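The structure under discussion appears below in the form of structure tokens.
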Amino acid sequence: MTRDEIVSWLICDDPSPLYQRADAVRKEFCGDAIHKRAIIEFSNCCERDCHYCGIRRGNFGLTRYRMEDSQIFAAAQAAAALGYRTLVLQSGEDRYDATDRICFLIRNIKKMTNCAITLCVGERTGEEYRAMREAGADRYLLKFETSDRDLFRALRPGSSYDERINCLRRLRELDYQVGSGCMVGLPGQTPETLADDILLMKEFDFDMIGIGPFIPHPDTPLQNSSGGSLEMTLRMIALARIVTRNAHLPATTAIGSIHPQGRQMALRCGANVIMPNFTPQEFRAHYQIYPNKICINDRPADCAVCVDGMIRSLGRTVATDPGHSLKRGGRGIAQTACKSGEGSYNKRKAG
Ligand code: 5AD
Ligand code: FES
């Protein structure tokens, strides 16, 4: 798809053909199984001050927490006991959680469970990424947020777009399965810059791509912005599916937070992953990156039951394998989730 074609899908009156095509591409290249990833938000301390984010360091009204090692292990074991094969360890960008500690967590969780580990702990040095990979981390999520450099600079003081892209390159070199993605509806974003986001996803050939609506947080400088719409986010997910073919695309918590059926709709427009919250209930309310986040009053077991019901109600199945990347068959990554697996990848390359 060209940039112009992407733009026209973003602004057209009737996106339903786009959604249908995305669903068909998802079925062909990823199958009907939905991968569940248990997310543990182990600390909301953050040194960054991004204008959009509710846990930015400038939000002094927030109760800050760091889960104890034992609490993190208990959450990981609870998810593994429920059959989860991927754990996502997410936190703010917090130097207190030194790489040594994260490596300690990874090594122990790997001993306790048979789960793949995805990290989402922000920009770090190449050495830190290497140490965490050697400790056993399989995947890393680092969203590029927006490919519009000016917007990136305006919204993320002290952070550089080039450095973020460099981090993504480093992660790839270290053989992580790399996830990235963007927000939809940031102030100043246009259909053209969103089209560039899609083209960047294709160019980088990410293993995973998270796309969610921007939701203005009342305690941030963007409190009066209008935020992203459900429909624009669905169009972006559908476009990402069509251009990337077999990237893992989550139905994000953010899309579920702006519409009660948001995640279900995303799963029908190209998404094939869901990430239920396994953060212990006592901490959840403090990890509101955006307001009105779903599941704040639920417990991990509630979310587990809820997403299983959601998957069943969509007529899809639950994946039982770790749900590794469907890309780069040569990286020794299991491809059992994808019937068309490597073949599809080659087809995609050829096409
Ligand atoms: N609305 C929606 N998503 C947000 N994120 C941060 N702030 C917001 C917000 N206000 C997303 C960013 C970040 C991820 C952890 O959460 O994309 O990478
Ligand atoms: Fe948490 Fe539905 S996923 S209650």
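Naming scheme: A, B, ... for chains in displayed order of the structure tokens; residues 1 onward per chain; ligands 1 onward as shown.
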Write out as a tab-separated table the residues of chain A that have any atom within 6 Å of an atom of ligand 1, one row each with the nearest atom pair and its distance in Å to one decimal, counting only C-alpha atoms and all ligand atoms, sorted by chain and then rising number.
residue	atom	partner	partner_atom_place_in_ligand_line	distance
A:Tyr52	CA	ligand 1	10 (N)	4.6
A:Cys53	CA	ligand 1	7 (N)	3.7
A:Lys143	CA	ligand 1	18 (O)	5.0
A:Glu145	CA	ligand 1	17 (O)	5.4
A:Cys182	CA	ligand 1	17 (O)	5.7
A:Met183	CA	ligand 1	17 (O)	5.4
A:Pro213	CA	ligand 1	2 (C)	5.5
A:Phe214	CA	ligand 1	1 (N)	3.8
A:Ile215	CA	ligand 1	1 (N)	3.8
A:Pro216	CA	ligand 1	10 (N)	4.9
A:His217	CA	ligand 1	10 (N)	5.5
A:Ala254	CA	ligand 1	2 (C)	5.9
A:Ile289	CA	ligand 1	7 (N)	5.0
A:Tyr290	CA	ligand 1	10 (N)	4.3
With only C-alpha atoms and all ligand atoms counted and 7 Å as the cut-off, give the residues of chain A in contact with ligand 2, each with its shortest interatomic distance in Å and the pair that gives it, as a tab-separated table.
residue	atom	partner	partner_atom_place_in_ligand_line	distance
A:Pro276	CA	ligand 2	3 (S)	5.1
A:Asn277	CA	ligand 2	1 (Fe)	6.2
A:Ile294	CA	ligand 2	1 (Fe)	6.6
A:Cys295	CA	ligand 2	1 (Fe)	4.3
A:Asp298	CA	ligand 2	4 (S)	5.8
A:Asp302	CA	ligand 2	4 (S)	5.5
A:Cys303	CA	ligand 2	1 (Fe)	3.4
A:Ala304	CA	ligand 2	3 (S)	6.6
A:Cys306	CA	ligand 2	2 (Fe)	4.4
A:Val307	CA	ligand 2	3 (S)	5.4
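The closest residue to A:Gly126, picked from A:Gln77, A:Asn114, A:Ser91, A:Asn166 and counting only C-alpha atoms, is A:Asn166.
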Checklist entry - Hey, what's within 10 Å of A:Gln177 if we count only C-alpha atoms and toss same-chain stuff fewer than 2 positions away? As an NGL selection string, please? => result :A and (118 or 137-141 or 171-175 or 179 or 206-208 or 324-328 or 331 or 333)
Next on the checklist: Residues of stretch 170-208 of chain A classed as helix (DSSP H, G or I) by DSSP on the backbone are to be reported as number ranges by chain.
Outcome noted: A: 170-173, 191-204
Checklist entry - DSSP on the backbone: what in stretch 205-277 of chain A comes out strand (DSSP E), as a list in words? => result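 Residues of stretch 205-277 of chain A classed as strand (DSSP E): Met208, Ile209, Gly210, Ile211, Gly212, Pro213, Pro250, Ala251, Val273 and Ile274 of chain A.
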